[in-house]
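Asks: Right, I'll just put the structure down here and ask away after.
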Amino acid sequence: MARTALGADRLRETQFTVVAPFATILRTLAPFTAERGSSHPIIDAVEASPAVVFERAVEIGADLGVSTVPPPARWSDRLLCEVGLSAHVPPDHPLGGRGEVEMSELVRHPLVLMDRTNAARTVFDDALAAERLEPASAIEMASSFMAQGVAATGRGAAILTNAAVFGLRPVRIMQRGKRVRMRLYAGWDPSHYAVRAIERWVDDFADWLPTIPDIGEVDDASA
């Protein structure tokens, strides 16, 4: 739980434990903490799959959760941002020099998809269904980082929200000219004794997130 030396509103003296998926910790929570420096709360993070983030937060007494799955209805929450899906391909892939690709073209190429417990996969499947499309061929994987490793071998375009690694090029996935996106939420117990400190941290985190490549502004209608 949060530990404060001089009161819940003193962010600098606060320590929070956040439950989040590993990719979220690696790509957002750790860089945000490093950039904010000593004026920022001390953040510890516990890894959990997106579907069980908030359940895990309750189990271990964490202060809040960050996930692509919405928090329980009784919790306070904030839509942090919308994260764009990309097709990760090596430079010599037919899409390697492209900035974006429509789904109708993307499905003609072999794909590396996350398994159906992954939120990015759910969003991608929903977009496929809306366009009545099916991939010509696909490999299904449980680890997003291993999916990138497979994509680097040229076996398929990995459909992810991760930052690109292994020399891969992220190609924005479009649906009729609009980016295919998934939502990132923060959630916390409204009865938490440091609730105002949590809210201030979440606001700061949400303001910072759009500075990361491929993470867009929250749509006004969704806020």
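Just so we're on the same page: first chain in the structure tokens is A, next is B, and so on; residues restart at 1 for each chain, and ligands are numbered from 1 in the order they show up.
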Under the rule of at most 9 Å, produce a per-residue listing of stretch 99-127 of chain A near stretch 51-58 of chain A: chain, number, name, the closest pair of atoms, and the distance in Å, as a tab-separated table, using only C-alpha atoms.

Replies:
```
residue	atom	partner	partner_atom	distance
A:Thr117	CA	A:Ala51	CA	7.4
A:Asn118	CA	A:Ala51	CA	8.1
A:Ala119	CA	A:Ala51	CA	8.2
```

Asks: Please provide the set of residues having any atom within 9 Å of stretch 147-160 of chain A, restricted to only C-alpha atoms, with same-chain residues fewer than 4 positions apart removed, written as JSON, numbers by chain.

Replies: {"A": [84, 85, 86, 87, 88, 89, 90, 92, 93, 95, 106, 109, 110, 111, 112, 113, 114, 120, 121, 124, 137, 138, 139, 140, 141, 142, 143, 164, 165, 166, 167, 168, 170, 173]}

Asks: Would you work out the distance separating atom CA of A:Ser67 from atom CA of A:Pro213, expressed in Å to one decimal?

Replies: 18.5 Å

Asks: As a PyMOL selection string, please: all residues of stretch 8-214 of chain A that backbone DSSP puts in strand (DSSP E).

Replies: chain A and resi 15-20+42-47+64-67+76-84+86-89+100-102+111-114+138-141+157-160+169-175+178-179+181-188

Asks: How would you write, as a ChimeraX atom specification, the set of residues in stretch 91-213 of chain A that DSSP gives as alpha helix (DSSP H)?

Replies: /A:103-106,119-131,144-152,195-208

Asks: From the list A:Val66, A:Val101, A:Ile60, A:Val19, which residue is nearest A:Ala186 when using only C-alpha atoms?

Replies: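 Nearest to A:Ala186: A:Val66.
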
Asks: Rank nothing, just name the residue among A:Ser144, A:Ser104, A:Thr33, A:Ser49 nearest to A:Leu128, using only C-alpha atoms.

Replies: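 Using only C-alpha atoms, A:Leu128 sits closest to A:Ser104.
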